[in-house]
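Engineer: As input, take final_31.cif (mmCIF, C-alpha atoms):
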data_input
#
loop_
_atom_site.group_PDB
_atom_site.id
_atom_site.type_symbol
_atom_site.label_atom_id
_atom_site.label_comp_id
_atom_site.auth_asym_id
_atom_site.auth_seq_id
_atom_site.Cartn_x
_atom_site.Cartn_y
_atom_site.Cartn_z
ATOM 1 C CA MET Y 1425 -61.805 24.369 -92.119
ATOM 2 C CA SER Y 1426 -61.726 26.910 -94.946
ATOM 3 C CA THR Y 1427 -64.926 28.661 -96.001
ATOM 4 C CA PRO Y 1428 -66.124 27.438 -99.416
ATOM 5 C CA SER Y 1429 -66.602 29.934 -102.241
ATOM 6 C CA VAL Y 1430 -70.143 30.476 -103.559
ATOM 7 C CA SER Y 1431 -71.629 30.969 -107.010
ATOM 8 C CA VAL Y 1432 -75.219 32.099 -107.494
ATOM 9 C CA ALA Y 1433 -77.074 30.506 -110.429
ATOM 10 C CA LEU Y 1434 -79.725 33.132 -111.238
ATOM 11 C CA CYS Y 1435 -82.168 32.356 -114.028
ATOM 12 C CA THR Y 1436 -84.163 35.192 -115.547
ATOM 13 C CA ARG Y 1437 -87.040 35.682 -117.950
ATOM 14 C CA ASN Y 1438 -88.779 39.062 -118.103
ATOM 15 C CA GLY Y 1439 -87.952 39.654 -114.444
ATOM 16 C CA ALA Y 1440 -87.309 43.395 -114.523
ATOM 17 C CA ARG Y 1441 -89.954 44.186 -111.890
ATOM 18 C CA TYR Y 1442 -88.263 42.220 -109.105
ATOM 19 C CA LEU Y 1443 -84.624 41.725 -110.061
ATOM 20 C CA ALA Y 1444 -83.142 44.788 -108.374
ATOM 21 C CA ALA Y 1445 -84.483 43.704 -104.971
ATOM 22 C CA GLN Y 1446 -83.227 40.154 -105.427
ATOM 23 C CA VAL Y 1447 -79.735 41.205 -106.524
ATOM 24 C CA GLU Y 1448 -79.552 43.701 -103.653
ATOM 25 C CA SER Y 1449 -80.428 40.967 -101.175
ATOM 26 C CA ILE Y 1450 -77.641 38.805 -102.622
ATOM 27 C CA CYS Y 1451 -75.058 41.592 -102.422
ATOM 28 C CA ALA Y 1452 -76.077 42.293 -98.812
ATOM 29 C CA GLN Y 1453 -74.998 38.812 -97.694
ATOM 30 C CA VAL Y 1454 -71.924 38.665 -95.451
ATOM 31 C CA PRO Y 1455 -69.773 37.390 -96.942
ATOM 32 C CA ALA Y 1456 -71.163 38.101 -100.410
ATOM 33 C CA PRO Y 1457 -70.955 35.329 -103.025
ATOM 34 C CA ASP Y 1458 -67.946 35.245 -105.322
ATOM 35 C CA GLU Y 1459 -69.935 35.313 -108.545
ATOM 36 C CA ILE Y 1460 -73.406 35.523 -110.032
ATOM 37 C CA VAL Y 1461 -74.112 33.567 -113.200
ATOM 38 C CA VAL Y 1462 -77.212 34.919 -114.941
ATOM 39 C CA SER Y 1463 -78.797 32.675 -117.543
ATOM 40 C CA ASP Y 1464 -81.503 34.655 -119.326
ATOM 41 C CA ASP Y 1465 -84.278 32.921 -121.243
ATOM 42 C CA GLU Y 1466 -85.109 35.326 -124.050
ATOM 43 C CA SER Y 1467 -86.230 38.245 -121.878
ATOM 44 C CA ARG Y 1468 -88.016 41.006 -123.744
ATOM 45 C CA ASP Y 1469 -87.474 43.569 -120.987
ATOM 46 C CA ASP Y 1470 -84.354 45.092 -119.441
ATOM 47 C CA SER Y 1471 -83.685 42.244 -116.976
ATOM 48 C CA ILE Y 1472 -79.971 42.005 -117.754
ATOM 49 C CA ALA Y 1473 -79.485 45.764 -117.709
ATOM 50 C CA ILE Y 1474 -81.055 45.892 -114.237
ATOM 51 C CA VAL Y 1475 -78.722 43.178 -112.939
ATOM 52 C CA ARG Y 1476 -75.701 45.013 -114.316
ATOM 53 C CA ALA Y 1477 -76.839 48.381 -112.936
ATOM 54 C CA THR Y 1478 -77.579 46.977 -109.476
ATOM 55 C CA LEU Y 1479 -74.183 45.312 -109.254
ATOM 56 C CA ALA Y 1480 -72.464 48.470 -110.507
ATOM 57 C CA GLN Y 1481 -73.772 50.321 -107.451
ATOM 58 C CA HIS Y 1482 -71.598 48.061 -105.292
ATOM 59 C CA GLY Y 1483 -68.408 48.767 -107.212
ATOM 60 C CA ALA Y 1484 -65.445 46.496 -106.544
ATOM 61 C CA ALA Y 1485 -67.332 44.756 -103.708
ATOM 62 C CA ALA Y 1486 -69.901 43.320 -106.125
ATOM 63 C CA PRO Y 1487 -69.702 39.638 -107.083
ATOM 64 C CA ALA Y 1488 -68.242 38.851 -110.486
ATOM 65 C CA LEU Y 1489 -70.914 38.601 -113.180
ATOM 66 C CA THR Y 1490 -71.327 36.128 -116.031
ATOM 67 C CA VAL Y 1491 -74.271 36.575 -118.403
ATOM 68 C CA LEU Y 1492 -75.610 33.861 -120.718
ATOM 69 C CA GLU Y 1493 -78.422 34.812 -123.099
ATOM 70 C CA ASN Y 1494 -80.641 32.204 -124.728
ATOM 71 C CA ARG Y 1495 -82.257 32.681 -128.143
ATOM 72 C CA PRO Y 1496 -84.581 30.800 -128.230
ATOM 73 C CA ALA Y 1497 -85.555 30.176 -124.612
ATOM 74 C CA LEU Y 1498 -84.441 26.889 -123.054
ATOM 75 C CA GLY Y 1499 -87.190 26.456 -120.455
ATOM 76 C CA VAL Y 1500 -86.779 26.357 -116.685
ATOM 77 C CA THR Y 1501 -84.828 23.121 -116.183
ATOM 78 C CA ARG Y 1502 -82.429 23.501 -119.111
ATOM 79 C CA ASN Y 1503 -81.895 27.153 -118.216
ATOM 80 C CA PHE Y 1504 -80.827 26.197 -114.704
ATOM 81 C CA GLU Y 1505 -78.660 23.422 -116.088
ATOM 82 C CA GLN Y 1506 -76.851 25.950 -118.263
ATOM 83 C CA ALA Y 1507 -76.410 28.288 -115.296
ATOM 84 C CA VAL Y 1508 -74.955 25.688 -112.929
ATOM 85 C CA ARG Y 1509 -72.610 24.350 -115.601
ATOM 86 C CA ALA Y 1510 -71.090 27.832 -115.820
ATOM 87 C CA CYS Y 1511 -70.628 28.235 -112.044
ATOM 88 C CA ARG Y 1512 -67.021 27.927 -110.851
ATOM 89 C CA SER Y 1513 -67.264 27.988 -107.041
ATOM 90 C CA GLY Y 1514 -67.339 25.073 -104.644
ATOM 91 C CA LEU Y 1515 -70.926 25.827 -103.613
ATOM 92 C CA ILE Y 1516 -73.811 26.778 -105.906
ATOM 93 C CA ALA Y 1517 -76.908 28.628 -104.697
ATOM 94 C CA LEU Y 1518 -79.944 28.304 -106.944
ATOM 95 C CA CYS Y 1519 -81.760 31.593 -107.288
ATOM 96 C CA ASP Y 1520 -85.099 32.713 -108.725
ATOM 97 C CA GLN Y 1521 -85.429 36.210 -110.130
ATOM 98 C CA ASP Y 1522 -88.347 37.344 -107.995
ATOM 99 C CA ASP Y 1523 -87.447 36.367 -104.422
ATOM 100 C CA ALA Y 1524 -85.349 38.064 -101.734
ATOM 101 C CA TRP Y 1525 -82.774 36.493 -99.443
ATOM 102 C CA HIS Y 1526 -82.893 37.162 -95.707
ATOM 103 C CA ALA Y 1527 -79.886 38.749 -94.044
ATOM 104 C CA GLY Y 1528 -77.463 36.063 -92.889
ATOM 105 C CA ARG Y 1529 -78.988 33.408 -95.131
ATOM 106 C CA LEU Y 1530 -75.832 32.606 -97.049
ATOM 107 C CA ALA Y 1531 -73.563 32.630 -93.984
ATOM 108 C CA ARG Y 1532 -75.928 30.213 -92.217
ATOM 109 C CA MET Y 1533 -75.899 27.750 -95.088
ATOM 110 C CA VAL Y 1534 -72.219 28.061 -95.995
ATOM 111 C CA ASP Y 1535 -71.241 27.371 -92.403
ATOM 112 C CA ALA Y 1536 -73.129 24.071 -92.550
ATOM 113 C CA PHE Y 1537 -71.088 23.005 -95.579
ATOM 114 C CA ARG Y 1538 -67.864 24.223 -93.959
ATOM 115 C CA THR Y 1539 -68.358 22.073 -90.879
ATOM 116 C CA ARG Y 1540 -69.914 19.056 -92.614
ATOM 117 C CA PRO Y 1541 -67.758 17.845 -95.519
ATOM 118 C CA GLU Y 1542 -70.176 14.996 -96.221
ATOM 119 C CA LEU Y 1543 -73.063 17.390 -96.912
ATOM 120 C CA LEU Y 1544 -74.001 17.618 -100.610
ATOM 121 C CA LEU Y 1545 -77.205 19.665 -100.593
ATOM 122 C CA LEU Y 1546 -79.009 21.867 -98.092
ATOM 123 C CA HIS Y 1547 -82.403 23.528 -98.387
ATOM 124 C CA SER Y 1548 -84.671 25.511 -96.093
ATOM 125 C CA ASP Y 1549 -88.162 26.795 -95.530
ATOM 126 C CA ALA Y 1550 -89.254 30.121 -97.044
ATOM 127 C CA ARG Y 1551 -91.639 32.878 -95.996
ATOM 128 C CA LEU Y 1552 -94.480 33.312 -98.475
ATOM 129 C CA VAL Y 1553 -94.969 36.937 -99.520
ATOM 130 C CA ASP Y 1554 -96.985 38.795 -102.139
ATOM 131 C CA GLY Y 1555 -95.597 40.715 -105.077
ATOM 132 C CA GLU Y 1556 -94.627 43.612 -102.805
ATOM 133 C CA LEU Y 1557 -92.900 41.373 -100.219
ATOM 134 C CA ALA Y 1558 -95.772 41.675 -97.731
ATOM 135 C CA PRO Y 1559 -95.981 38.449 -95.667
ATOM 136 C CA LEU Y 1560 -98.939 36.199 -96.479
ATOM 137 C CA GLY Y 1561 -98.961 34.669 -93.003
ATOM 138 C CA SER Y 1562 -97.551 31.257 -93.868
ATOM 139 C CA THR Y 1563 -94.418 29.505 -95.022
ATOM 140 C CA LEU Y 1564 -93.531 27.235 -97.903
ATOM 141 C CA PHE Y 1565 -93.409 24.166 -95.655
ATOM 142 C CA GLU Y 1566 -96.854 25.005 -94.301
ATOM 143 C CA ALA Y 1567 -98.189 25.287 -97.860
ATOM 144 C CA LEU Y 1568 -96.650 21.901 -98.666
ATOM 145 C CA GLU Y 1569 -98.073 20.447 -95.425
ATOM 146 C CA VAL Y 1570 -94.628 19.212 -94.420
ATOM 147 C CA LYS Y 1571 -94.760 16.920 -91.393
ATOM 148 C CA PRO Y 1572 -92.253 17.061 -88.513
ATOM 149 C CA SER Y 1573 -91.523 13.383 -89.185
ATOM 150 C CA GLU Y 1574 -90.458 14.246 -92.736
ATOM 151 C CA LEU Y 1575 -88.015 16.898 -91.529
ATOM 152 C CA GLU Y 1576 -86.705 14.517 -88.878
ATOM 153 C CA GLY Y 1577 -86.240 11.812 -91.485
ATOM 154 C CA ILE Y 1578 -84.162 14.090 -93.691
ATOM 155 C CA ALA Y 1579 -82.072 15.273 -90.742
ATOM 156 C CA SER Y 1580 -81.405 11.678 -89.645
ATOM 157 C CA GLY Y 1581 -80.002 10.585 -93.014
ATOM 158 C CA GLN Y 1582 -83.183 9.103 -94.474
ATOM 159 C CA ALA Y 1583 -83.707 11.816 -97.082
ATOM 160 C CA PHE Y 1584 -83.900 9.399 -100.009
ATOM 161 C CA ALA Y 1585 -86.719 7.464 -98.366
ATOM 162 C CA ILE Y 1586 -88.584 10.720 -97.661
ATOM 163 C CA LEU Y 1587 -88.159 11.927 -101.253
ATOM 164 C CA GLN Y 1588 -89.475 8.646 -102.627
ATOM 165 C CA ARG Y 1589 -92.839 9.659 -101.190
ATOM 166 C CA ARG Y 1590 -92.770 13.217 -102.534
ATOM 167 C CA ASN Y 1591 -90.416 16.096 -103.211
ATOM 168 C CA LEU Y 1592 -89.890 18.687 -100.461
ATOM 169 C CA VAL Y 1593 -86.969 20.597 -101.995
ATOM 170 C CA THR Y 1594 -87.555 23.960 -103.675
ATOM 171 C CA GLY Y 1595 -84.682 25.261 -105.765
ATOM 172 C CA ALA Y 1596 -84.956 28.863 -104.590
ATOM 173 C CA THR Y 1597 -84.053 27.709 -101.065
ATOM 174 C CA THR Y 1598 -81.229 25.372 -102.089
ATOM 175 C CA VAL Y 1599 -77.422 25.415 -101.941
ATOM 176 C CA PHE Y 1600 -75.373 22.415 -103.093
ATOM 177 C CA ARG Y 1601 -71.766 21.377 -103.654
ATOM 178 C CA ARG Y 1602 -70.567 21.709 -107.215
ATOM 179 C CA ASP Y 1603 -69.215 18.138 -106.896
ATOM 180 C CA LEU Y 1604 -72.826 16.936 -107.039
ATOM 181 C CA LEU Y 1605 -72.987 17.888 -110.718
ATOM 182 C CA GLU Y 1606 -70.642 15.043 -111.642
ATOM 183 C CA ALA Y 1607 -73.459 12.605 -110.859
ATOM 184 C CA ALA Y 1608 -76.445 14.854 -111.612
ATOM 185 C CA LEU Y 1609 -75.592 16.162 -115.095
ATOM 186 C CA PRO Y 1610 -77.231 16.127 -117.507
ATOM 187 C CA PHE Y 1611 -80.636 16.921 -115.986
ATOM 188 C CA PRO Y 1612 -83.240 14.620 -117.582
ATOM 189 C CA PRO Y 1613 -86.226 16.324 -119.248
ATOM 190 C CA GLU Y 1614 -88.653 14.243 -117.160
ATOM 191 C CA TRP Y 1615 -87.519 15.952 -113.950
ATOM 192 C CA VAL Y 1616 -87.501 19.490 -112.572
ATOM 193 C CA HIS Y 1617 -83.935 20.531 -111.738
ATOM 194 C CA ASP Y 1618 -84.370 20.970 -107.965
ATOM 195 C CA GLU Y 1619 -86.151 17.644 -107.461
ATOM 196 C CA TRP Y 1620 -83.464 15.896 -109.495
ATOM 197 C CA LEU Y 1621 -80.545 17.446 -107.613
ATOM 198 C CA ALA Y 1622 -82.148 16.510 -104.309
ATOM 199 C CA ALA Y 1623 -82.762 12.906 -105.360
ATOM 200 C CA ILE Y 1624 -79.193 12.449 -106.597
ATOM 201 C CA ALA Y 1625 -77.743 14.092 -103.487
ATOM 202 C CA ALA Y 1626 -79.823 11.897 -101.187
ATOM 203 C CA ALA Y 1627 -78.876 8.733 -103.078
ATOM 204 C CA THR Y 1628 -75.138 9.407 -103.287
ATOM 205 C CA GLY Y 1629 -74.401 11.250 -100.044
ATOM 206 C CA ARG Y 1630 -76.037 13.425 -97.452
ATOM 207 C CA MET Y 1631 -78.626 16.176 -97.846
ATOM 208 C CA ASP Y 1632 -80.242 18.111 -95.037
ATOM 209 C CA VAL Y 1633 -82.823 20.768 -94.275
ATOM 210 C CA LEU Y 1634 -82.962 23.937 -92.210
ATOM 211 C CA PRO Y 1635 -86.527 24.284 -90.903
ATOM 212 C CA GLU Y 1636 -86.461 28.079 -90.636
ATOM 213 C CA PRO Y 1637 -87.435 30.443 -93.499
ATOM 214 C CA LEU Y 1638 -84.303 31.982 -95.051
ATOM 215 C CA ILE Y 1639 -85.808 33.704 -98.085
ATOM 216 C CA ASP Y 1640 -88.956 35.575 -99.050
ATOM 217 C CA TYR Y 1641 -90.720 33.502 -101.726
ATOM 218 C CA ARG Y 1642 -92.965 35.745 -103.811
ATOM 219 C CA GLN Y 1643 -96.381 34.527 -104.888
ATOM 220 C CA HIS Y 1644 -97.738 36.496 -107.830
ATOM 221 C CA ALA Y 1645 -99.504 36.049 -111.151
ATOM 222 C CA SER Y 1646 -96.298 35.493 -113.122
ATOM 223 C CA ASN Y 1647 -94.848 32.657 -110.992
ATOM 224 C CA GLN Y 1648 -93.669 29.761 -113.156
ATOM 225 C CA ILE Y 1649 -93.752 27.548 -110.043
ATOM 226 C CA GLY Y 1650 -95.557 28.783 -106.938
ATOM 227 C CA ALA Y 1651 -96.709 27.447 -103.578
ATOM 228 C CA ARG Y 1652 -100.190 27.361 -102.119
ATOM 229 C CA ARG Y 1653 -101.867 25.019 -99.664
ATOM 230 C CA PRO Y 1654 -104.685 23.194 -101.477
ATOM 231 C CA THR Y 1655 -108.185 23.469 -100.104
ATOM 232 C CA LEU Y 1656 -110.231 20.423 -99.064
ATOM 233 C CA ARG Y 1657 -112.409 20.950 -102.144
ATOM 234 C CA GLU Y 1658 -109.324 20.881 -104.370
ATOM 235 C CA LYS Y 1659 -108.039 17.719 -102.721
ATOM 236 C CA LEU Y 1660 -111.375 15.981 -103.257
ATOM 237 C CA ALA Y 1661 -111.523 17.132 -106.881
ATOM 238 C CA LYS Y 1662 -108.025 15.759 -107.440
ATOM 239 C CA ALA Y 1663 -108.974 12.423 -105.865
ATOM 240 C CA VAL Y 1664 -111.825 11.822 -108.312
ATOM 241 C CA ALA Y 1665 -110.207 13.375 -111.405
ATOM 242 C CA PRO Y 1666 -109.513 11.209 -114.470
ATOM 243 C CA ARG Y 1667 -106.342 9.119 -114.215
ATOM 244 C CA GLY Y 1668 -105.017 10.466 -117.500
ATOM 245 C CA THR Y 1669 -101.283 10.025 -118.111
ATOM 246 C CA LYS Y 1670 -99.940 11.158 -114.742
ATOM 247 C CA HIS Y 1671 -99.165 7.666 -113.449
ATOM 248 C CA ALA Y 1672 -97.333 6.756 -116.632
ATOM 249 C CA GLU Y 1673 -95.340 9.975 -116.361
ATOM 250 C CA ARG Y 1674 -94.444 9.196 -112.737
ATOM 251 C CA LEU Y 1675 -93.369 5.713 -113.763
ATOM 252 C CA ARG Y 1676 -91.106 7.173 -116.425
ATOM 253 C CA ARG Y 1677 -89.554 9.539 -113.873
ATOM 254 C CA ALA Y 1678 -88.924 6.658 -111.475
ATOM 255 C CA GLU Y 1679 -87.327 4.609 -114.264
ATOM 256 C CA VAL Y 1680 -85.092 7.504 -115.309
ATOM 257 C CA LEU Y 1681 -83.846 7.901 -111.751
ATOM 258 C CA LEU Y 1682 -83.229 4.157 -111.428
ATOM 259 C CA ASP Y 1683 -81.240 4.175 -114.662
ATOM 260 C CA ARG Y 1684 -79.059 7.048 -113.439
ATOM 261 C CA LEU Y 1685 -78.472 5.491 -110.024
ATOM 262 C CA THR Y 1686 -77.555 2.186 -111.647
ATOM 263 C CA SER Y 1687 -75.051 3.935 -113.903
ATOM 264 C CA LEU Y 1688 -73.382 5.563 -110.887
ATOM 265 C CA GLY Y 1689 -72.323 2.203 -109.471
ATOM 266 C CA HIS Y 1690 -70.582 2.260 -106.091
ATOM 267 C CA ARG Y 1691 -71.399 5.947 -105.551
ATOM 268 C CA VAL Y 1692 -75.007 5.002 -104.711
ATOM 269 C CA THR Y 1693 -75.891 3.512 -101.346
ATOM 270 C CA PRO Y 1694 -77.025 -0.076 -102.150
ATOM 271 C CA ALA Y 1695 -80.107 0.222 -99.941
ATOM 272 C CA TRP Y 1696 -81.297 3.259 -101.916
ATOM 273 C CA LEU Y 1697 -80.733 1.515 -105.240
ATOM 274 C CA GLN Y 1698 -82.882 -1.385 -104.102
ATOM 275 C CA ALA Y 1699 -85.484 1.025 -102.750
ATOM 276 C CA GLN Y 1700 -85.686 2.707 -106.155
ATOM 277 C CA ARG Y 1701 -86.200 -0.648 -107.856
ATOM 278 C CA GLU Y 1702 -89.133 -1.213 -105.512
ATOM 279 C CA LYS Y 1703 -90.412 2.309 -106.199
ATOM 280 C CA VAL Y 1704 -90.432 1.566 -109.930
ATOM 281 C CA ALA Y 1705 -92.354 -1.658 -109.303
ATOM 282 C CA HIS Y 1706 -94.910 0.179 -107.173
ATOM 283 C CA GLN Y 1707 -95.356 2.944 -109.719
ATOM 284 C CA ARG Y 1708 -95.794 0.369 -112.473
ATOM 285 C CA PHE Y 1709 -98.476 -1.258 -110.322
ATOM 286 C CA ARG Y 1710 -100.305 2.065 -110.033
ATOM 287 C CA THR Y 1711 -99.952 2.757 -113.759
ATOM 288 C CA GLU Y 1712 -101.411 -0.633 -114.702
ATOM 289 C CA LEU Y 1713 -104.425 -0.533 -112.387
ATOM 290 C CA PRO Y 1714 -107.665 -1.324 -114.272
ATOM 291 C CA ALA Y 1715 -109.976 1.444 -115.397
ATOM 292 C CA SER Y 1716 -112.865 0.038 -113.345
ATOM 293 C CA ARG Y 1717 -112.969 1.430 -109.805
ATOM 294 C CA LEU Y 1718 -114.656 -1.721 -108.522
ATOM 295 C CA ILE Y 1719 -111.894 -4.011 -109.798
ATOM 296 C CA ARG Y 1720 -109.201 -1.752 -108.331
ATOM 297 C CA TRP Y 1721 -110.283 -2.080 -104.717
ATOM 298 C CA ALA Y 1722 -108.778 -5.487 -103.907
ATOM 299 C CA PRO Y 1723 -105.261 -4.909 -105.329
ATOM 300 C CA VAL Y 1724 -105.048 -1.353 -103.984
ATOM 301 C CA LEU Y 1725 -106.056 -2.338 -100.460
ATOM 302 C CA LEU Y 1726 -103.676 -5.302 -100.532
ATOM 303 C CA ALA Y 1727 -100.787 -3.042 -101.583
ATOM 304 C CA ALA Y 1728 -101.753 -0.607 -98.830
ATOM 305 C CA ALA Y 1729 -101.791 -3.413 -96.254
ATOM 306 C CA ARG Y 1730 -98.260 -4.332 -97.315
ATOM 307 C CA GLY Y 1731 -97.129 -0.773 -96.659
ATOM 308 C CA ARG Y 1732 -96.271 0.130 -100.235
ATOM 309 C CA TYR Y 1733 -98.347 3.305 -100.310
ATOM 310 C CA GLU Y 1734 -96.791 4.446 -97.059
ATOM 311 C CA ARG Y 1735 -93.250 3.823 -98.352
ATOM 312 C CA PHE Y 1736 -93.578 5.191 -101.859
ATOM 313 C CA ASP Y 1737 -96.541 7.594 -101.852
ATOM 314 C CA ARG Y 1738 -98.526 9.781 -99.492
ATOM 315 C CA GLY Y 1739 -100.155 6.918 -97.618
ATOM 316 C CA TRP Y 1740 -103.919 6.828 -97.450
ATOM 317 C CA GLN Y 1741 -104.207 9.989 -99.515
ATOM 318 C CA SER Y 1742 -102.731 8.087 -102.480
ATOM 319 C CA VAL Y 1743 -104.807 5.019 -101.666
ATOM 320 C CA ALA Y 1744 -107.954 7.138 -101.847
ATOM 321 C CA GLN Y 1745 -106.815 8.595 -105.155
ATOM 322 C CA ASP Y 1746 -106.323 5.147 -106.700
ATOM 323 C CA LEU Y 1747 -109.705 3.983 -105.417
ATOM 324 C CA LEU Y 1748 -111.667 7.046 -106.528
ATOM 325 C CA GLU Y 1749 -110.028 8.273 -109.732
ATOM 326 C CA SER Y 1750 -112.126 7.841 -112.844
ATOM 327 C CA GLY Y 1751 -110.691 5.574 -115.502
#
Kindly transcribe the structure held in the file into structure tokens.
Structural biologist:
Amino acid sequence: MSTPSVSVALCTRNGARYLAAQVESICAQVPAPDEIVVSDDESRDDSIAIVRATLAQHGAAAPALTVLENRPALGVTRNFEQAVRACRSGLIALCDQDDAWHAGRLARMVDAFRTRPELLLLHSDARLVDGELAPLGSTLFEALEVKPSELEGIASGQAFAILQRRNLVTGATTVFRRDLLEAALPFPPEWVHDEWLAAIAAATGRMDVLPEPLIDYRQHASNQIGARRPTLREKLAKAVAPRGTKHAERLRRAEVLLDRLTSLGHRVTPAWLQAQREKVAHQRFRTELPASRLIRWAPVLLAAARGRYERFDRGWQSVAQDLLESG
């Protein structure tokens, strides 16, 4: 089987401090990617100049470069959408400006796509590091409290069912086939780009996970999206926090996904389409729960006994949230 070509979709915004290290780590991959598409969201520093200068040090061996500059800024999801639309290779690697790829990362992931033509999206764990790339002693999956059963479910072809409970896919660790964009574009504003790509990939084909860390994922004050394991105090505070609009927002997200899957027709596995209908119904149930905690107990416990919280949420953790949240 031939080795697929790779484009890197690199989104930047005032990333001058870390970009040289990230671009160097990309160029050090063997084989290096064919191109880097940089979509810059109104940077006020020399982010683009640093990318150009770093690539220039590699001469003819450097990946081809495409630069898109946004005035005004598009925001994270639309910026990544613009970047992936401009990518021309068979595989697209999502890339944050402040991380660093491990040696052999790209070869490891590309080989999986080369040998598995059915694979649409692949992601991995990441090592958490500080702003200077010093290890923080944990990984992204540890911060997310990923269970072995969740990884096994993804590996066994049940990724859509796993993702209906919660997202486990982080864009910085992700490579996907460009063919996926036919079903995934445009990215809806209700979703973050990586969660959306994963959901569409899992519903229309096969996605998988590599459990080992393949990048360094920086945690610093300027992260737009970071990773940290919540403390017990934080979990308890979240459980009793006001309900607010979060359930309505989750319902809207579930409805948007159902609408897209319905529009894709035969490309969606029928079982997953039905599962998403049931997810929408469950999320509507949660959204419409009464403000009174006392009145909520009976319907919540009945739904839990029927397994709906285990199928579509985080089990008893979500049950506790619905029982304890203030109205």
Engineer: Choose the residue, out of Y:Ile1472, Y:Leu1638, Y:Ala1695, Y:Ala1608, that has the smallest atom-to-atom separation from Thr1563 of chain Y; count only C-alpha atoms.
Structural biologist: Y:Leu1638
Engineer: Which neighbours of Leu1725 of chain Y fall inside 10 Å, counting all atoms listed in the file, when residues of the same chain fewer than 2 positions from it are skipped, and could you give them as a list in words?
Structural biologist: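 Final neighbour list, sorted by chain and number: Arg1720, Trp1721, Ala1722, Pro1723, Ala1727, Ala1728, Ala1729, Arg1730, Gly1731, Tyr1733, Trp1740, Val1743, Ala1744, Asp1746 and Leu1747 of chain Y.
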Engineer: Between atom CA of Arg1677 of chain Y and atom CA of Pro1635 of chain Y, what distance in Å does the model show, to one decimal?
Structural biologist: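 Those two atoms sit 27.5 Å apart.
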Engineer: Write out as a ChimeraX atom specification the residues lying within 7 Å of Gln1643 of chain Y, counting only C-alpha atoms and excluding same-chain residues fewer than 5 positions away.
Structural biologist: /Y:1552-1555,1650
Engineer: Counting all atoms listed in the file, figure out which residue out of Y:Glu1712, Y:Asp1465, Y:Asp1683, Y:Asp1458 gets nearest to Ile1516 of chain Y.
Structural biologist: Y:Asp1458
Engineer: Report, in Å to a single decimal, how far apart atom CA of Pro1559 of chain Y and atom CA of Asp1469 of chain Y are.
Structural biologist: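 Pair atom CA of Asp1469 of chain Y / atom CA of Pro1559 of chain Y returns 27.2 Å.
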Engineer: Just the residues within 7 Å of segment 1574-1585 of chain Y, please, counting all atoms listed in the file, with nothing from its chain fewer than 4 positions along; format it as an NGL selection string.
Structural biologist: :Y and (1570 or 1623 or 1626-1627 or 1630-1633 or 1696)
Engineer: Which residue out of Y:Leu1609, Y:Ala1486, Y:Leu1543, Y:Leu1688 has the minimum interatomic distance to Pro1455 of chain Y when all atoms listed in the file are used?
Structural biologist: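 Among Y:Leu1609, Y:Ala1486, Y:Leu1543, Y:Leu1688, it is Y:Ala1486 that comes nearest to Pro1455 of chain Y.
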